[in-house]
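Reviewing the structure listed below.
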Amino acid sequence: MSPVAEAREVVLPAVPRLGGLYARGAAGAARLAVGGGGKRVSRPLPDVVYAVRDLHVDAAHLTAYQRLLGEPGTDALPAGYVHVLAFPVATALMVRDDFPLPLLGMVHLANRVEQRRRLTLGEALAVRAHAEAMRPHARGTQVDLVVEVTGGAGGDVAWRGVSTYLAPGLRLADTGDARAGDADAGDTPASERTPFAPPQPTGSWRLDADTGRRYGAVSGDRNPIHLFALTARPFGFPRAIAHGMYTASRLLADVGPARGEAFAWSVEFVKPVLLPATVAVSTRPADGGGYDLAAWHARTGKPHVLGSVTPLP
């Protein structure tokens with residue numbers, strides 16, 4: 001039996017609000033700074049699964065997301081929207097007192113989603129989230145937050161997402177964590193990546209300075225790095241940056257119905273989008289099926305997001 005199957009389940013009464021979670025995250029970061037450990041991570045991940053049952057989608061909220069991201073106005077839940085629904089459950093796990101990494105300052109490195117079947121507006125959803133594979137990174141310590149979403153009465157996982165986050169500057173001590181993992185393909189240092197050559201663009205986005213605030217209003221993710229230059233500077237950014245999942249989800253929306261109903265969607269967040277910005281994008285058919293995704297700085301050609309959508313059988 002896997003460690004996750006044996007983990008203690010904590011059932012939340014409802015999906016928590018992100019505003020309160022970020023406040024707890026700020027307090028937790030201060031506690032970690034004062035409580036010792038310095039720049040070393042010496043505690044294992046909590047052996048716990050967070051769950052929310054009987055979650056129902058608000059039609060007006062779904063419509064607001066579809067309009068912002070350019071998704072069609074149907075009863076189908078876009079894969080990026082399911083991430084928005086489930087993200088607070090994973091965040092609640094990250095602000096636990098025994099979670100070894102601080103929430104604020106975390107950098108979203110990559111996201112991998114399997115949409116095994118389409119979820120729809122009328123279904124009652126259930127969400128489960130856990131953390132795993134805390135491991136070294138060239139710039140600190142990274143961890144995977146895994147979320148599974150089921151819908152209807154069948155109980156089968158319809159959507160599974162793995163979000164990889166980096167805690168910069170924190171080095172991993174030997175914790176003996178049974179769920180620690182080795183580096184994988186998504187951990188390839190920038191110096192070892194194949195150099196990015198911008199393809200012929202299939203589109204262009206003009207992202208205004210309020211893009212982070214507009215996506216935050218829909219997603220609930222009002223992390224200060226996305227709101228204003230003033231709130232982003234303490235975290236090392238000269239201006240507010242776009243949410244990684246905004247850019248990734250907009251690329252997925254640009255693919256449109258050609259992505260099918262069951263697919264694997266993977267993205268790597270290479271370089272933040274400083275707002276305002278003009279972003280060149282490409283969603284082009286890939287050899288062997290699916291689509292290659294890319295978004296890059298329109299003037300310099302440096303990549304922001306790279307990814308793919310591939311059909312599932």
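Here's how to read the names in the structure tokens: chain A, B, ... by the order shown, residue numbers from 1 in each chain, ligand numbers from 1 in the order shown.
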Review point. Do you know which residues are at most 10 Å from segment 203-215 of chain A counting only C-alpha atoms, after dropping those on the same chain fewer than 6 positions away, and could you put them as a ChimeraX atom specification?
Key: /A:64-65,68-69,221-229,239-247,250,254,273-283,295-298
**Study point:** Residues near segment 299-309 of chain A, cut-off 8 Å, only C-alpha atoms, skip fewer than 5 positions along chain, as a list in words
**Key:**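 Returned residues: Phe196, Ala197, Pro198, Gly244, Thr247, Ala248, Leu252, Arg259, Phe263, Ala264, Trp265, Ser266, Val267, Glu268, Phe269, Val270, Lys271, Pro272, Val273, Gly290, Tyr291, Asp292, Leu293 and Ala294 of chain A.
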Exercise for review: Using DSSP on the backbone coordinates, identify the residues of segment 63-153 of chain A assigned to helix (DSSP H, G or I); present them as an MDAnalysis selection string.
Suggested key: chainID A and resid 63:69 79:94
Review point. Which residue out of A:Met134, A:Leu121, A:Ala217, A:Leu170 has the minimum interatomic distance to Asp58 of chain A when only C-alpha atoms are used?
Key: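 Selected residue with least distance to Asp58 of chain A: A:Leu121.
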For the interface of segment 58-176 of chain A with segment 20-24 of chain A (cut-off 9 Å, counting only C-alpha atoms), please tabulate each contacting residue of segment 58-176 of chain A alongside its nearest pair of atoms and their separation in Å to one decimal, rows sorted by chain and increasing number, as a tab-separated table.
residue	atom	partner	partner_atom	distance
A:Pro88	CA	A:Leu21	CA	8.1
A:Thr91	CA	A:Leu21	CA	7.0
A:Ala92	CA	A:Leu21	CA	6.4
A:Met94	CA	A:Leu21	CA	8.9
A:Val95	CA	A:Arg24	CA	6.3
A:Arg96	CA	A:Arg24	CA	8.6
A:Leu103	CA	A:Tyr22	CA	7.7
A:Leu104	CA	A:Tyr22	CA	7.5
Check your understanding: When distances are computed from only C-alpha atoms, which of A:Leu101, A:Leu251, A:Val52, A:Val57 shows the smallest separation from Arg135 of chain A?
Key ->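 Closest to Arg135 of chain A of all the choices is A:Leu101.
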